[in-house]
2 protein chains.
Amino acid sequence: MKKKVIEPAWRETPPVEKSYRSIFKWGAPDGYKHPNQKLLNEIRSVFHLEDSYFLSQKSSGDEIVSFKKSIKLKKEQILKLQKIAGKENASTDEYSRLKFSSGKTIEEAINLRNGKADIVSDIVIHPKSEEIISEIIRYCNSQKIPVYVYGGGSSVNFGLRPTKGGVTLVMNTYMNKIIELNEVNYTITVQAGIMGPDLEDALNNAPERLNAKRKYTCGHFPQSFEYSSAGGWVVTLGSGQASSYYGDAYNLVISQKYITPKGNFTTLNYPAAATGPKINDIMKGSEGTFGVLVELTLKIFKFMPENRRRFGFIFPTFQDAINAGREISQGEFGMPAVFRISDEEETHIGLKLYGIDGTILDKAMQLRGYKPMQRCLFLGSSEGESHFTKNVKKQVRSICKKHKGMYITGLPTKMWEPGRYKDPYLREDLQDYGILIDTLETSVRWDNLHSVHQEVRKVVKNRPETICMTHSSHFYPQGTNLYFIYIMKDNGVDDYIKFQDIILESINKSGGSLSHHHGVGKMISPWVEKHLGTEQMNVLRSIKKHFDPNNIMNPGGQLGLDFDKNLNNKKWRDMK
Amino acid sequence: MKKKVIEPAWRETPPVEKSYRSIFKWGAPDGYKHPNQKLLNEIRSVFHLEDSYFLSQKSSGDEIVSFKKSIKLKKEQILKLQKIAGKENASTDEYSRLKFSSGKTIEEAINLRNGKADIVSDIVIHPKSEEIISEIIRYCNSQKIPVYVYGGGSSVNFGLRPTKGGVTLVMNTYMNKIIELNEVNYTITVQAGIMGPDLEDALNNAPERLNAKRKYTCGHFPQSFEYSSAGGWVVTLGSGQASSYYGDAYNLVISQKYITPKGNFTTLNYPAAATGPKINDIMKGSEGTFGVLVELTLKIFKFMPENRRRFGFIFPTFQDAINAGREISQGEFGMPAVFRISDEEETHIGLKLYGIDGTILDKAMQLRGYKPMQRCLFLGSSEGESHFTKNVKKQVRSICKKHKGMYITGLPTKMWEPGRYKDPYLREDLQDYGILIDTLETSVRWDNLHSVHQEVRKVVKNRPETICMTHSSHFYPQGTNLYFIYIMKDNGVDDYIKFQDIILESINKSGGSLSHHHGVGKMISPWVEKHLGTEQMNVLRSIKKHFDPNNIMNPGGQLGLDFDKNLNNKKWRDMK
């Protein structure tokens with residue numbers, strides 16, 4: 001008989017208003033996703049937890065925000081900024097300053113739970129127009145006041161951290177309009193602060209909402225979809241869960257409008273051109289350091305969910321699954337949209353999470369030799385025209401079979417879909433009990449995938465009592481990404497940072513890229529010069545210097561552009 | 001009874017050695033493609049030519065190269081450069097200096113036919129290694145000696161013109177090796193000077209030549225394929241005739257190695273990354289102004305000609321054909337590889353050239369209402385996996401039918417294929433009789449395609465006795481290109497330049513891009529700042545200044561980077 005364990009008292013009440021928790025909590029105030037019993041059992045087992053462990057919660061961060069951090073800007077500067085933006089759109093209250101200075105790193109969550117809030121901007125502005133942003137940038141440039149941009153606030157690398165105080169511009173309050181749906185060109189022009197669901201809803205319901213001839217999709221569905229802005233996708237080089245088919249944010253942007261200290265411009269709007277280096281591409285990934293992205297024209301696609309074909313396979317080993325993934329990606333029949341391969345440990349836990357573990361399907365797999373902690377899960381779906389999606393699925397099945405994959409229907413994809421944006425909610429539940437869940441990610445070529453996977457995994461697993469799940473979720477003919485999810489005990493913020501640094505160091509040393517789709521921010525920036533080499537770093541610095549000679553745009557460590565050579569770059573957290 | 005006309009005495013003998021003709025003549029010395037009788041009749045009719053017109057040839061350029069253009073470099077500079085490169089690899093003879101200073105513009109052809117050769121470099125170097133190039137760049141930077149790069153020599157916009165003398169580096173003599181075929185990553189790493197046919201032959205015969213498991217293709221087939229280098233494709237942003245499927249040169253390059261006055265570097269080799277603005281992309285299209293591209297890693301594809309499916313259609317109007325092209329490009333079933341739509345006049349002449357005019361097929365078309373000078377030809381083929389190519393063709397047929405297109409089999413594509421690289425040979429034949437054939441091209445969105453087409457065409461046709469054929473040959477979901485071919489009488493170089501300027505002006509004014517795949521060079525550069533706007537032009541200038549503070553890399557008008565604000569930019573030809 002199974003021992004009955006006490007279900008932890010998971011929190012379902014929204015955070016107290018104006019509390020620290022209301023800032024660090026992921027997503028909707030009343031949103032949650034509790035760890036299911038099987039994940040919990042896994043954690044109990046790996047962490048050697050007593051039955052009583054989940055009886056007492058750690059600090060919940062429900063205290064009302066209160067910190068002693070004076071405003072560094074001069075009174076006349078605040079007054080001038082309030083005059084430009086309208087006083088009602090420019091806040092200097094403590095709560096606003098902290099809220100819009102915070103992203104979604106685990107480090108911030110740990111600190112905020114403990115009421116630690118030392119890095120905040122001086123004033124938070126919700127601009128209502130390009131003209132206002134332009135005037136703010138002009139004024140801040142003349143006064144050398146730092147400017148930070150807050151899109152959706154989902155940064156996991158301190159991309160929006162106002163290291164040097166100053167102004168934070170919040171883009172999603174007013175700068176969130178649809179400007180033009182162009183059904184001839186298959187593009188939509190939007191203000192940069194529009195959030196994922198707003199954009200997608202307008203496109204999915206284009207006949208009603210935009211008086212269009214048909215329904216469309218934006219094709220970009222990052223896990224942060226519900227809490228990220230279109231502008232944020234582009235300046236951080238995001239990727240969506242269906243990007244293997246639709247393309248990364250980089251590929252989706254036809255034209256952009258920027259406001260910079262050096263002037264304002266809109267990049268050319270052509271499907272392709274041979275008129276020198278492409279300014280439109282130079283601006284992508286600039287993470288707020290060159291200027292403010294205020295408007296962008298994105299590709300759109302036909303919305304055809306009726307053509308979606310789901311599939312799932314189990315492979316004897318990760319190597320087999322990846323070999324199949326590679327052959328599919330190089331197969332020239334079109335790419336699947338969702339395309340995910342889990343490694344041994346993620347498969348082990350994934351089958352529990354998707355409710356497949358212990359079922360007849362599981363038994364069939366085991367009987368046929370697909371062993372736990374060796375077998376690997378591959379799930380996905382195809383999108384596009386109906387014959388196209390049918391053929392993609394057919395070819396995928398045939399290639400998987402060749403690589404010893406057993407077809408296990410579209411069920412795993414169906415089980416995965418409803419939770420596709422929900423996993424980040426696990427953070428709060430686990431952290432309420434002193435357990436951290438976090439991620440780092442990298443891109444790899446096929447020929448270094450396994451060595452990067454093994455080296456990074458070894459470093460993570462070298463920490464006692466740590467779960468490490470890895471998947472590849474974005475595929476290209478030339479390689480893929482590796483997404484590492486690790487669950488561990490919270491031993492305080494210093495221990496956490498040290499561990500994160502070790503993982504980042506191993507990603508860089510093993511030959512993965514520093515990021516596949518999370519961007520660089522300030523967290524990863526100490527590695528950038530080593531990663532790119534000084535020659536290429538200096539190219540970025542020269543462009544930065546051109547746009548922003550006074551270093552007012554996202555200064556203090558972003559992308560590593562303004563690290564002092566004499567400073568130990570790892571100490572960027574101390575930059576003031 | 002048809003009047004019998006005298007066949008012109010087309011030239012089939014190779015140019016005299018060391019003659020001007022040996023420099024300006026397109027392609028192989030003994031290569032030719034004579035205008036066929038039907039094209040000639042068209043020319044006779046449009047130009048109102050007497051029967052006797054083709055009896056007497058104009059200047060043929062067979063004179064031995066001889067010009068009085070002294071070497072501007074100091075003797076010790078020449079000696080030093082010869083020492084670095086090896087004396088046998090560094091020529092200062094008149095013929096070499098002129099040959100490697102010349103591209104394939106019609107302006108150059110007119111001038112060289114008349115023995116005019118005023119712009120030449122001082123010394124031509126065939127470097128044997130990266131180290132030698134590196135040393136040359138270091139030395140030239142210290143001495144402020146201009147450096148120009150000659151890839152395959154097919155530039156049609158003075159991209160390699162050594163406006164300011166100095167050194168020309170010829171990349172295709174020795175820097176033309178295959179470094180690594182990577183069958184895991186589906187990439188090939190080559191030196192930048194490798195020529196199209198060498199690369200493609202090695203890939204098509206990879207099992208024998210590179211000890212590979214299978215055959216591959218590079219997927220890049222510009223009309224200049226036989227006389228252009230892989231490095232040239234990338235720095236000028238070329239497109240191939242199958243780019244709608246394989247991607248433009250921009251999309252094919254994973255990593256590049258550059259030697260610049262500011263140092264040497266290789267860009268990151270990942271299928272994707274989110275580590276700030278992409279240096280790999282910033283370098284593309286730099287046209288020799290930032291540094292010398294010495295090595296590049298390109299995507300490769302499975303070579304599967306057996307899966308190719310050809311198709312051809314005739315449409316009642318250009319509008320109908322373009323509507324079908326747009327629906328195909330936005331159809332999400334994959335793109336055709338070759339994908340060409342000819343406008344009314346090109347169709348009219350194309351049907352003659354492909355031998356379809358006057359056949360039963362032509363009669364069937366006319367009977368069904370597809371009228372000459374209204375009907376438009378659409379031809380193409382699909383490539384990739386066999387079910388994929390079959391479905392592409394099936395969907396194309398269904399969409400074309402919907403837009404009143406009549407299927408006319410794969411014959412037009414089959415007729416077009418053998419001549420796909422041969423058309424430039426027409427230049428010499430026609431010019432021998434005082435007739436010029438030249439091209440300009442632009443990219444357009446679907447929503448401005450017809451207005452750009454009509455406006456530019458109007459300007460061309462406004463010149464009396466001018467043939468103007470236009471096609472779209474590179475398709476994207478968001479738009480396509482327009483490629484204008486015009487045939488006219490040679491009224492001297494000044495008249496020619498004036499006409500070309502008028503066309504470029506109308507392209508820019510009508511809203512097309514300045515170039516879709518020919519690049520900018522020095523010819524189009526006077527329009528670049530107007531096209532991009534000063535803010536964006538200054539971004540390019542800041543990067544230029546970073547890499548090349550002494551302006552030694554391709555100086556004198558390239559990309560418009562070093563135009564003096566006080567100079568009339570149209571006078572770049574006088575820059576010294």
# chains A, B, ... in the order shown; residues from 1 in each chain; ligands from 1
>>> interface_residues(of="chain B", to="chain A", cutoff="6 Å", atoms="only C-alpha atoms", output="number ranges by chain")
B: 185-186, 237, 270-271, 273-277, 282, 284-286, 332-333, 384-385, 388, 445-446, 478-479, 515-517, 519-520
>>> select_by_dssp(residues="segment 160-225 of chain A", states="strand (DSSP E)", output="list of chain:residue names")
A:Val167, A:Thr168, A:Leu169, A:Val170, A:Ile178, A:Ile179, A:Glu180, A:Leu181, A:Asn182, A:Thr187, A:Ile188, A:Thr189, A:Val190, A:Gln191, A:Tyr216, A:Thr217
>>> write_last_selection(atoms="N, CA, C and O atoms", output="compact mmCIF listing (two decimals), in the first residue's frame")
# COMPACT_ATOMS: atom_id res chain seq x y z
N VAL A 167 15.49 56.86 -15.41
CA VAL A 167 14.12 56.74 -15.89
C VAL A 167 13.84 55.32 -16.37
O VAL A 167 14.67 54.73 -17.05
N THR A 168 12.67 54.78 -16.03
CA THR A 168 12.19 53.57 -16.70
C THR A 168 10.96 53.93 -17.52
O THR A 168 10.01 54.54 -17.00
N LEU A 169 11.02 53.58 -18.81
CA LEU A 169 9.87 53.79 -19.70
C LEU A 169 9.07 52.49 -19.78
O LEU A 169 9.63 51.46 -20.15
N VAL A 170 7.81 52.53 -19.45
CA VAL A 170 6.96 51.34 -19.52
C VAL A 170 6.19 51.38 -20.83
O VAL A 170 5.38 52.29 -21.07
N ILE A 178 -2.39 48.49 -32.35
CA ILE A 178 -2.19 47.97 -33.71
C ILE A 178 -2.34 49.14 -34.68
O ILE A 178 -3.32 49.88 -34.62
N ILE A 179 -1.34 49.31 -35.52
CA ILE A 179 -1.36 50.46 -36.43
C ILE A 179 -1.94 50.09 -37.79
O ILE A 179 -2.77 50.78 -38.33
N GLU A 180 -1.49 48.95 -38.33
CA GLU A 180 -2.03 48.55 -39.64
C GLU A 180 -1.87 47.06 -39.88
O GLU A 180 -0.78 46.51 -39.73
N LEU A 181 -2.96 46.43 -40.24
CA LEU A 181 -2.89 45.07 -40.76
C LEU A 181 -2.84 45.20 -42.28
O LEU A 181 -3.72 45.81 -42.88
N ASN A 182 -1.80 44.65 -42.90
CA ASN A 182 -1.69 44.74 -44.35
C ASN A 182 -1.90 43.34 -44.94
O ASN A 182 -0.99 42.51 -44.92
N THR A 187 1.59 41.49 -43.45
CA THR A 187 2.34 42.10 -42.35
C THR A 187 1.38 42.81 -41.41
O THR A 187 0.26 43.16 -41.80
N ILE A 188 1.83 42.98 -40.19
CA ILE A 188 1.08 43.82 -39.25
C ILE A 188 2.05 44.80 -38.62
O ILE A 188 3.18 44.42 -38.26
N THR A 189 1.64 46.06 -38.56
CA THR A 189 2.47 47.09 -37.93
C THR A 189 1.86 47.42 -36.58
O THR A 189 0.66 47.70 -36.49
N VAL A 190 2.68 47.32 -35.55
CA VAL A 190 2.19 47.50 -34.17
C VAL A 190 3.13 48.40 -33.40
O VAL A 190 4.31 48.54 -33.74
N GLN A 191 2.62 48.98 -32.34
CA GLN A 191 3.51 49.65 -31.39
C GLN A 191 4.23 48.58 -30.58
O GLN A 191 3.70 47.49 -30.34
N TYR A 216 -5.53 35.34 -39.03
CA TYR A 216 -4.08 35.21 -39.12
C TYR A 216 -3.49 34.80 -37.78
O TYR A 216 -4.18 34.77 -36.76
N THR A 217 -2.20 34.49 -37.80
CA THR A 217 -1.45 34.24 -36.57
C THR A 217 -0.11 34.95 -36.68
O THR A 217 0.39 35.17 -37.79
>>> select_by_dssp(residues="segment 453-520 of chain B", states="helix (DSSP H, G or I)", output="NGL selection string")
:B and (453-461 or 493-510)
>>> atom_distance(atom1="atom CA of Gly232 of chain A", atom2="atom CA of Ile125 of chain A")
17.3 Å
>>> residues_around(residues="Ile78 of chain A", least_positions_apart="5", cutoff="10 Å", atoms="only C-alpha atoms", output="JSON, numbers by chain")
{"A": [71, 72, 73, 83, 84, 87, 90, 91, 92, 122, 123, 166, 167]}
>>> closest_residue(among="A:Ser155, A:Asn89, A:Gln431, A:Ser510", to="Asn111 of chain A", atoms="only C-alpha atoms")
A:Gln431
>>> residues_around(residues="Asp198 of chain A", least_positions_apart="3", cutoff="10 Å", atoms="only C-alpha atoms", output="list in words")
Asn176, Lys177, Ile178, Ile194, Met195, Asp201, Ala202, Leu203, Asn204, Glu226 and Ser229 of chain A
>>> closest_residue(among="A:Ala324, A:Ala249, A:Ile137, A:Met304", to="Ser382 of chain A", atoms="only C-alpha atoms")
A:Met304
>>> residues_around(residues="His220 of chain A", least_positions_apart="6", cutoff="7 Å", atoms="only C-alpha atoms", output="ChimeraX atom specification")
/A:240,242-243
>>> write_last_selection(atoms="all heavy atoms", output="compact mmCIF listing (two decimals), in the first residue's frame")
# COMPACT_ATOMS: atom_id res chain seq x y z
N GLY A 240 9.95 31.39 -30.37
CA GLY A 240 8.70 30.83 -29.88
C GLY A 240 8.71 29.32 -29.93
O GLY A 240 9.60 28.71 -30.52
N ALA A 242 6.95 27.46 -31.59
CA ALA A 242 6.73 26.94 -32.94
C ALA A 242 7.71 27.55 -33.94
O ALA A 242 7.50 27.53 -35.15
CB ALA A 242 5.29 27.23 -33.37
N SER A 243 8.82 28.08 -33.42
CA SER A 243 9.77 28.81 -34.27
C SER A 243 10.48 27.95 -35.30
O SER A 243 10.97 28.48 -36.30
CB SER A 243 10.83 29.50 -33.40
OG SER A 243 10.28 30.58 -32.70
>>> residues_around(residues="Ile23 of chain A", least_positions_apart="5", cutoff="8 Å", atoms="only C-alpha atoms", output="PDB file with N, CA and C atoms, in the first residue's frame")
ATOM      1  N   LYS A  18       0.386  45.657  -3.505  1.00  0.00           N
ATOM      2  CA  LYS A  18       1.581  46.462  -3.222  1.00  0.00           C
ATOM      3  C   LYS A  18       2.644  45.691  -2.433  1.00  0.00           C
ATOM      4  N   LEU A  98       9.925  50.052  -7.774  1.00  0.00           N
ATOM      5  CA  LEU A  98      10.441  48.687  -7.613  1.00  0.00           C
ATOM      6  C   LEU A  98       9.827  47.742  -8.655  1.00  0.00           C
ATOM      7  N   LYS A  99       8.525  47.870  -8.834  1.00  0.00           N
ATOM      8  CA  LYS A  99       7.832  46.960  -9.760  1.00  0.00           C
ATOM      9  C   LYS A  99       8.442  47.023 -11.158  1.00  0.00           C
ATOM     10  N   SER A 102      12.002  45.515 -11.864  1.00  0.00           N
ATOM     11  CA  SER A 102      12.196  44.092 -11.585  1.00  0.00           C
ATOM     12  C   SER A 102      11.786  43.222 -12.758  1.00  0.00           C
TER      13      SER A 102
END
>>> residues_around(residues="Leu55 of chain B", least_positions_apart="3", cutoff="9 Å", atoms="only C-alpha atoms", output="list in words")
Ile6, Glu7, Pro8, Ala9, Asp51, Ser52 and Tyr433 of chain B
